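Have a look at the structure below, then the notes.
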Amino acid sequence: MSHHQHLPAAAPLNGANPPDARQLRTILVAVSLALMAVIASVSGLNVAQTHMAVEFGASQPTILWIINVYTLVLAALLLPLGALGDRLGRKPMLITGLVVFGAAGVLAGLAPSAGIMIAARVAAGVSAAMIMPITLAVLTSTFPEEQRGKAIGVWTGIAGGGGILGMFLSALLVDVADWRWLFALPVVLAAVALAMTAKSVPNSREHSAHSFDALGALLSAVAVAGLIFVLQEGPERGWTAPVTVGSLAVGVLAAAGFVAWELRRRDASLLDVRLFRERGLAGGSLTLLVVFGVQAGIAVVLFPFFQAVLGWSGLLSTVAMMPMAVTMMTASGLAPRMAARAGARLTMTLGVALGALGLALMALFVSVEGGYPSILAGMLAMGIGMGLSMTPSTEAITGSLPRAEQGVASALNDVTREFGTALGVAMLGALLSAGYRGAIDDKLDGIPRGAAGTAREGIANAVEAAPGTGTHSQDLIHAAQQSFVAGWQQAMWAGVAVMGVLCAFLALRGPKDGHGGASRPGPGTRRTDEREVPPQVRPTR
């Protein structure tokens, strides 16, 4: 357990005993399954883009909207619904979310049109925003301090590696069955999590003397939605398109309004932004933002490398990502022990340094001829580094807010991850594309003009256009592959620079070890937390 986390264990009512070791394990499994369902739904549909386009007769922008609207709605509603879960009860919120999520998954699996599919994905996004922050809040408000770090380690491992695992299982289902079976996995996970939650997860909720911050909730949702929309749609629509610029303006103005309003509300705010002065909250949030951004950006690079450069199938490409996911999840589980011995700041700094090393190794050794072995060492270093940095960062965030506000703390943690993911995909993807175009322009001499123009758009376009160039086919493919590697290296070195800056920041201004989490200042601001214990763990008379 890292030393900055000092949230007390929830106190049971009616003289009941706290959950025993067996029930704690059941709680951990239940929330892990719920989280896995949410995470798998983020990445799973990526492997079915072609199938959906053919079946629905939909354009590529429509297919991307089907995929992205889930993440957009999820990110926008995390803070408001996390705060409502604190007030209304975390168990009822989790159960409601799982029921709606399962129903949305069934509707998506049976959807006869793109419109129905989008509606189902919106409903899934809303319910996922009810589930995701509550899963972490249940752990931080239920587990005793000496076991909380291990539980958070499991949670962060699933949050980090679950997307890759979900994509692998989705690709497997597409290969052996039908793309609509992609929704079976999240639905089954949600159903099992629902049964376990109803039986074993205790309820906890906040009692507040203040009214719910509805305006803050609205402003936060608009700000996050606006900024995430820019990052999702900017690469497709163009960064200077009116809708992109307008969305950016709305997001920035709403974010500024949110900060101003929360400072005015002070102790009655949805999120006390003054707490960002704390090293733990600032360092943890910045670390997750960068780490998840780099992880998502790497995925943007790796899958085209596997498929267009190495010629692998979608399923084999996801299998190739598994070593990084496994090392990440393993390191996440080991991070609490290391943080307890060496301190959270050193653990986070070491993790980020290893992540930067992994990026550097990939940038130095990647090659068309070297294939998969040329990047494997870098992937493993990245997995270990991300795992070591994520768990103490999450603990730093949750430990900076009172236990009664763990839904808000967990939602902030999740918003940071989602925003970092969108930012990493947009930025590293743009660097990769710019590097590719810059490199291939000098390699298209002798290629027919039409095919050369198509090849400039991307490596997948070049591979598709190559058969129509006759004797130039292999030359065009080779030029595209070499140019992709050049763009890869440019993106990776940019990632190294960002991770290096973060490493220096953590070394100098990382969370202080041996200090507890923050609580709201001022008199009359104390909030109590009520915990209901399921009947099966109450003592018999």
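Residues in the structure tokens are named by chain (A, B, ... in the order shown) and by number from 1 within that chain; ligands are numbered from 1 in the order shown.
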If you count only C-alpha atoms, which residues fall within 6 Å of region 262-276 of chain A, apart from same-chain ones fewer than 6 positions away, as a list of chain:residue names?
->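 The contact residues come out as A:His210, A:Asp213, A:Ala282.
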Which residue of A:Leu302, A:Met382, A:Ala103, A:Val154 approaches Ser317 (chain A) most closely, using only C-alpha atoms =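 Among the listed residues, the smallest separation from Ser317 (chain A) belongs to A:Leu302.
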For Gly102 (chain A): contacts at 8 Å, only C-alpha atoms, fewer than 4 positions along chain excluded, given as JSON, numbers by chain = {"A": [98, 106, 186, 187, 188, 190, 191]}
Pick from A:Ser127, A:Thr140, A:Gln23, A:Thr96: nearest to Arg403 (chain A), with only C-alpha atoms counted?
-> A:Thr140
Members of region 374-534 of chain A assigned strand (DSSP E) by DSSP, as a VMD selection string | chain A and resid 528 to 532
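When only C-alpha atoms are used to compute distances to Leu388 (chain A), the closest of the residues A:Ala111, A:Met338, A:Ala129, A:Ala331 turns out to be A:Ala331.
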Name the residues in contact with Thr135 (chain A) at a cut-off of 8 Å, using only C-alpha atoms, excluding same-chain residues fewer than 2 positions from it; report them as a PDB file with N, CA and C atoms, in the first residue's frame.
```pdb
ATOM      1  N   VAL A  31     -16.625  -6.462  -9.342  1.00  0.00           N
ATOM      2  CA  VAL A  31     -16.338  -5.163  -9.959  1.00  0.00           C
ATOM      3  C   VAL A  31     -15.340  -5.320 -11.106  1.00  0.00           C
ATOM      4  N   SER A  32     -14.465  -6.317 -11.035  1.00  0.00           N
ATOM      5  CA  SER A  32     -13.521  -6.552 -12.129  1.00  0.00           C
ATOM      6  C   SER A  32     -14.252  -7.007 -13.391  1.00  0.00           C
ATOM      7  N   ALA A  34     -17.380  -6.327 -14.102  1.00  0.00           N
ATOM      8  CA  ALA A  34     -18.129  -5.164 -14.588  1.00  0.00           C
ATOM      9  C   ALA A  34     -17.212  -4.220 -15.361  1.00  0.00           C
ATOM     10  N   LEU A  35     -16.027  -3.974 -14.819  1.00  0.00           N
ATOM     11  CA  LEU A  35     -15.074  -3.101 -15.500  1.00  0.00           C
ATOM     12  C   LEU A  35     -14.629  -3.702 -16.822  1.00  0.00           C
ATOM     13  N   LEU A  94     -24.614   0.884  -9.491  1.00  0.00           N
ATOM     14  CA  LEU A  94     -23.911  -0.169 -10.208  1.00  0.00           C
ATOM     15  C   LEU A  94     -24.895  -1.182 -10.787  1.00  0.00           C
ATOM     16  N   ILE A 131     -21.279   2.593 -14.385  1.00  0.00           N
ATOM     17  CA  ILE A 131     -20.552   1.430 -13.878  1.00  0.00           C
ATOM     18  C   ILE A 131     -19.112   1.762 -13.524  1.00  0.00           C
ATOM     19  N   MET A 132     -18.404   2.390 -14.447  1.00  0.00           N
ATOM     20  CA  MET A 132     -16.938   2.485 -14.345  1.00  0.00           C
ATOM     21  C   MET A 132     -16.453   3.199 -13.078  1.00  0.00           C
ATOM     22  N   PRO A 133     -16.960   4.386 -12.749  1.00  0.00           N
ATOM     23  CA  PRO A 133     -16.460   5.025 -11.521  1.00  0.00           C
ATOM     24  C   PRO A 133     -16.879   4.296 -10.259  1.00  0.00           C
ATOM     25  N   ALA A 137     -14.836   3.040  -6.846  1.00  0.00           N
ATOM     26  CA  ALA A 137     -15.319   3.610  -5.586  1.00  0.00           C
ATOM     27  C   ALA A 137     -15.697   2.516  -4.593  1.00  0.00           C
ATOM     28  N   VAL A 138     -16.258   1.417  -5.084  1.00  0.00           N
ATOM     29  CA  VAL A 138     -16.607   0.301  -4.205  1.00  0.00           C
ATOM     30  C   VAL A 138     -15.342  -0.255  -3.544  1.00  0.00           C
ATOM     31  N   LEU A 139     -14.269  -0.379  -4.322  1.00  0.00           N
ATOM     32  CA  LEU A 139     -13.027  -0.910  -3.760  1.00  0.00           C
ATOM     33  C   LEU A 139     -12.436   0.025  -2.718  1.00  0.00           C
TER      34      LEU A 139
END
```
Name the residues in contact with region 425-441 of chain A at a cut-off of 6 Å, using only C-alpha atoms, excluding same-chain residues fewer than 2 positions from it; report them as a ChimeraX atom specification.
-> /A:231,296-297,422-423,443-444,456,483-484,487-488,491
Selection export as a PDB file, in the first residue's frame, atoms kept: N, CA and C atoms:
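Wrote part-v7.pdb, looks like this:
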```pdb
ATOM      1  N   LEU A 231     -10.990  15.782 -30.516  1.00  0.00           N
ATOM      2  CA  LEU A 231      -9.901  14.826 -30.682  1.00  0.00           C
ATOM      3  C   LEU A 231     -10.317  13.619 -31.513  1.00  0.00           C
ATOM      4  N   ALA A 296      -2.492   4.393 -25.963  1.00  0.00           N
ATOM      5  CA  ALA A 296      -3.441   4.414 -27.072  1.00  0.00           C
ATOM      6  C   ALA A 296      -2.751   4.765 -28.380  1.00  0.00           C
ATOM      7  N   GLY A 297      -1.790   5.709 -28.312  1.00  0.00           N
ATOM      8  CA  GLY A 297      -1.059   6.067 -29.512  1.00  0.00           C
ATOM      9  C   GLY A 297      -0.239   4.921 -30.065  1.00  0.00           C
ATOM     10  N   ALA A 422      -7.920   9.644 -25.994  1.00  0.00           N
ATOM     11  CA  ALA A 422      -8.299  10.403 -27.189  1.00  0.00           C
ATOM     12  C   ALA A 422      -7.166  11.322 -27.633  1.00  0.00           C
ATOM     13  N   LEU A 423      -6.497  11.957 -26.684  1.00  0.00           N
ATOM     14  CA  LEU A 423      -5.399  12.864 -27.006  1.00  0.00           C
ATOM     15  C   LEU A 423      -4.230  12.103 -27.639  1.00  0.00           C
ATOM     16  N   LYS A 443       9.888   8.728 -52.462  1.00  0.00           N
ATOM     17  CA  LYS A 443      10.019   7.338 -52.907  1.00  0.00           C
ATOM     18  C   LYS A 443       9.022   6.964 -54.005  1.00  0.00           C
ATOM     19  N   LEU A 444       8.325   7.958 -54.571  1.00  0.00           N
ATOM     20  CA  LEU A 444       7.254   7.658 -55.525  1.00  0.00           C
ATOM     21  C   LEU A 444       7.647   7.939 -56.974  1.00  0.00           C
ATOM     22  N   ARG A 456      -0.124   8.273 -50.820  1.00  0.00           N
ATOM     23  CA  ARG A 456       0.195   9.324 -49.848  1.00  0.00           C
ATOM     24  C   ARG A 456      -0.800   9.372 -48.693  1.00  0.00           C
ATOM     25  N   SER A 483       8.296   3.958 -45.375  1.00  0.00           N
ATOM     26  CA  SER A 483       7.798   5.271 -44.954  1.00  0.00           C
ATOM     27  C   SER A 483       7.000   5.163 -43.666  1.00  0.00           C
ATOM     28  N   PHE A 484       6.267   4.066 -43.522  1.00  0.00           N
ATOM     29  CA  PHE A 484       5.522   3.866 -42.279  1.00  0.00           C
ATOM     30  C   PHE A 484       6.477   3.738 -41.105  1.00  0.00           C
ATOM     31  N   GLY A 487       7.642   7.133 -40.153  1.00  0.00           N
ATOM     32  CA  GLY A 487       6.621   7.838 -39.377  1.00  0.00           C
ATOM     33  C   GLY A 487       6.504   7.290 -37.966  1.00  0.00           C
ATOM     34  N   TRP A 488       6.636   5.974 -37.839  1.00  0.00           N
ATOM     35  CA  TRP A 488       6.638   5.313 -36.531  1.00  0.00           C
ATOM     36  C   TRP A 488       7.725   5.915 -35.644  1.00  0.00           C
ATOM     37  N   ALA A 491       6.898   9.386 -34.377  1.00  0.00           N
ATOM     38  CA  ALA A 491       5.895   9.377 -33.317  1.00  0.00           C
ATOM     39  C   ALA A 491       6.482   8.862 -32.004  1.00  0.00           C
TER      40      ALA A 491
END
```
Write out as a list in words which residues come within 10 Å of Pro467 (chain A) when counting only C-alpha atoms, dropping same-chain ones fewer than 5 positions away.
->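 Returned residues: Ala451, Ala462, His472, Ser473, Gln474, Leu476 and Ile477 of chain A.
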Dump of C-alpha atoms for the selected residues, as a CSV table (one decimal), in the first residue's frame:
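Resulting contents of result-v8.csv:
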```csv
chain,number,residue,atom,x,y,z
A,451,ALA,CA,-1.6,5.4,-57.4
A,462,ALA,CA,-0.8,2.1,-50.7
A,472,HIS,CA,5.7,-1.1,-59.8
A,473,SER,CA,3.6,-3.0,-57.3
A,474,GLN,CA,6.3,-4.3,-55.1
A,476,LEU,CA,5.2,0.8,-54.0
A,477,ILE,CA,4.5,-1.6,-51.2
```
Run DSSP on the backbone of this structure and report the residues of region 382-498 of chain A it assigns to alpha helix (DSSP H), as a PyMOL selection string.
-> chain A and resi 382-398+406-440+449-455+459-465+473-498
Compile the contact shell of Ile66 (chain A) as an NGL selection string: residues with an atom at most 12 Å away, counting only C-alpha atoms, same-chain residues fewer than 3 positions apart removed.
-> :A and (41-46 or 48-49 or 52-53 or 56 or 58-63 or 69-73 or 108 or 111 or 113-125)
Write the residues of the selection above to a file with N, CA, C and O atoms, as a compact mmCIF listing (two decimals), in the first residue's frame.
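Listing of result_0.txt after writing:
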```txt
# COMPACT_ATOMS: atom_id res chain seq x y z
N SER A 41 -15.91 -3.15 -24.44
CA SER A 41 -16.81 -2.49 -25.38
C SER A 41 -16.19 -1.25 -26.02
O SER A 41 -16.68 -0.76 -27.03
N VAL A 42 -15.12 -0.73 -25.41
CA VAL A 42 -14.44 0.42 -25.99
C VAL A 42 -13.71 0.03 -27.27
O VAL A 42 -13.78 0.72 -28.28
N SER A 43 -13.00 -1.10 -27.23
CA SER A 43 -12.12 -1.47 -28.34
C SER A 43 -12.68 -2.56 -29.24
O SER A 43 -12.19 -2.75 -30.36
N GLY A 44 -13.68 -3.29 -28.78
CA GLY A 44 -14.11 -4.49 -29.50
C GLY A 44 -14.58 -4.25 -30.92
O GLY A 44 -14.26 -5.03 -31.83
N LEU A 45 -15.34 -3.18 -31.14
CA LEU A 45 -15.94 -2.97 -32.46
C LEU A 45 -14.92 -2.57 -33.53
O LEU A 45 -15.24 -2.58 -34.72
N ASN A 46 -13.71 -2.21 -33.13
CA ASN A 46 -12.70 -1.82 -34.11
C ASN A 46 -12.42 -2.94 -35.11
O ASN A 46 -12.05 -2.67 -36.27
N ALA A 48 -14.53 -4.94 -36.35
CA ALA A 48 -15.71 -5.28 -37.16
C ALA A 48 -16.14 -4.12 -38.07
O ALA A 48 -17.27 -4.11 -38.56
N GLN A 49 -15.25 -3.17 -38.32
CA GLN A 49 -15.63 -2.00 -39.12
C GLN A 49 -16.11 -2.40 -40.52
O GLN A 49 -17.16 -1.93 -40.98
N MET A 52 -19.60 -4.17 -40.47
CA MET A 52 -20.72 -3.25 -40.24
C MET A 52 -20.99 -2.40 -41.47
O MET A 52 -22.16 -2.14 -41.81
N ALA A 53 -19.94 -1.93 -42.13
CA ALA A 53 -20.13 -1.09 -43.31
C ALA A 53 -20.89 -1.84 -44.39
O ALA A 53 -21.78 -1.29 -45.05
N PHE A 56 -24.74 -2.71 -42.98
CA PHE A 56 -25.61 -1.54 -42.84
C PHE A 56 -25.58 -0.64 -44.07
O PHE A 56 -26.38 0.30 -44.16
N ALA A 58 -23.28 1.48 -44.65
CA ALA A 58 -22.95 2.75 -44.02
C ALA A 58 -21.60 3.27 -44.50
O ALA A 58 -20.71 2.50 -44.87
N SER A 59 -21.45 4.60 -44.46
CA SER A 59 -20.19 5.23 -44.83
C SER A 59 -19.18 5.08 -43.69
O SER A 59 -19.53 4.76 -42.55
N GLN A 60 -17.90 5.35 -44.01
CA GLN A 60 -16.86 5.25 -42.99
C GLN A 60 -17.10 6.23 -41.83
O GLN A 60 -16.92 5.85 -40.66
N PRO A 61 -17.50 7.49 -42.09
CA PRO A 61 -17.81 8.38 -40.95
C PRO A 61 -18.90 7.83 -40.03
O PRO A 61 -18.83 7.98 -38.81
N THR A 62 -19.92 7.18 -40.62
CA THR A 62 -20.98 6.60 -39.79
C THR A 62 -20.44 5.46 -38.94
O THR A 62 -20.78 5.34 -37.76
N ILE A 63 -19.59 4.62 -39.53
CA ILE A 63 -19.00 3.52 -38.77
C ILE A 63 -18.13 4.05 -37.64
O ILE A 63 -18.17 3.54 -36.50
N VAL A 69 -19.04 7.09 -30.45
CA VAL A 69 -20.10 7.71 -29.63
C VAL A 69 -20.15 7.06 -28.24
O VAL A 69 -20.49 7.72 -27.25
N TYR A 70 -19.80 5.80 -28.15
CA TYR A 70 -19.77 5.12 -26.85
C TYR A 70 -18.77 5.79 -25.91
O TYR A 70 -19.10 6.13 -24.77
N THR A 71 -17.55 6.01 -26.40
CA THR A 71 -16.52 6.64 -25.58
C THR A 71 -16.87 8.09 -25.28
O THR A 71 -16.61 8.58 -24.18
N LEU A 72 -17.46 8.78 -26.25
CA LEU A 72 -17.83 10.18 -26.05
C LEU A 72 -18.85 10.34 -24.93
O LEU A 72 -18.68 11.16 -24.02
N VAL A 73 -19.90 9.54 -24.96
CA VAL A 73 -20.94 9.61 -23.93
C VAL A 73 -20.39 9.14 -22.58
O VAL A 73 -20.66 9.76 -21.54
N ALA A 108 -27.80 -3.86 -29.43
CA ALA A 108 -26.76 -3.65 -30.44
C ALA A 108 -26.51 -4.92 -31.25
O ALA A 108 -26.32 -4.86 -32.47
N ALA A 111 -29.33 -5.15 -33.76
CA ALA A 111 -29.67 -3.90 -34.46
C ALA A 111 -29.82 -4.13 -35.97
O ALA A 111 -28.91 -4.64 -36.62
N SER A 113 -30.21 -1.67 -38.20
CA SER A 113 -29.75 -0.51 -38.96
C SER A 113 -28.68 0.23 -38.18
O SER A 113 -28.52 0.03 -36.97
N ALA A 114 -27.98 1.11 -38.89
CA ALA A 114 -26.94 1.92 -38.24
C ALA A 114 -27.55 2.85 -37.19
O ALA A 114 -26.94 3.09 -36.15
N GLY A 115 -28.75 3.36 -37.44
CA GLY A 115 -29.40 4.26 -36.49
C GLY A 115 -29.69 3.57 -35.17
O GLY A 115 -29.45 4.14 -34.09
N ILE A 116 -30.22 2.36 -35.24
CA ILE A 116 -30.50 1.60 -34.02
C ILE A 116 -29.19 1.25 -33.31
O ILE A 116 -29.10 1.29 -32.08
N MET A 117 -28.17 0.94 -34.08
CA MET A 117 -26.87 0.62 -33.48
C MET A 117 -26.31 1.83 -32.72
O MET A 117 -25.79 1.69 -31.61
N ILE A 118 -26.42 3.01 -33.31
CA ILE A 118 -25.92 4.22 -32.63
C ILE A 118 -26.70 4.46 -31.35
O ILE A 118 -26.12 4.80 -30.30
N ALA A 119 -28.04 4.28 -31.39
CA ALA A 119 -28.85 4.47 -30.18
C ALA A 119 -28.43 3.48 -29.09
O ALA A 119 -28.35 3.84 -27.91
N ALA A 120 -28.17 2.24 -29.49
CA ALA A 120 -27.74 1.23 -28.52
C ALA A 120 -26.39 1.58 -27.93
O ALA A 120 -26.15 1.40 -26.73
N ARG A 121 -25.50 2.11 -28.75
CA ARG A 121 -24.17 2.51 -28.25
C ARG A 121 -24.26 3.71 -27.32
O ARG A 121 -23.49 3.81 -26.36
N VAL A 122 -25.18 4.61 -27.58
CA VAL A 122 -25.38 5.74 -26.66
C VAL A 122 -25.87 5.23 -25.30
O VAL A 122 -25.37 5.64 -24.25
N ALA A 123 -26.85 4.32 -25.32
CA ALA A 123 -27.34 3.75 -24.07
C ALA A 123 -26.24 3.00 -23.33
O ALA A 123 -26.13 3.07 -22.10
N ALA A 124 -25.40 2.29 -24.09
CA ALA A 124 -24.29 1.58 -23.47
C ALA A 124 -23.30 2.55 -22.85
O ALA A 124 -22.75 2.30 -21.76
N GLY A 125 -23.06 3.68 -23.51
CA GLY A 125 -22.16 4.69 -22.97
C GLY A 125 -22.67 5.30 -21.68
O GLY A 125 -21.90 5.51 -20.72
```
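Here the question is which of A:Ser393, A:Gln490, A:Thr156, A:Ser332 gets nearest to Ile39 (chain A) using only C-alpha atoms, and that residue is A:Thr156.
Minimum distance to Met324 (chain A) across A:Gly280, A:Ile384, A:Ala353, A:Asp175 (counting only C-alpha atoms) occurs at A:Ile384.
In this comparison, which uses only C-alpha atoms, the residue of A:Met36, A:Ala497, A:Val290, A:Val222 approaching Leu357 (chain A) most closely is A:Ala497.
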Could you jot down the CA of Glu233 (chain A) to CA of Ala217 (chain A) separation for me, Å, one decimal place?
->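 Taking CA of Glu233 (chain A) and CA of Ala217 (chain A), their separation equals 23.8 Å.
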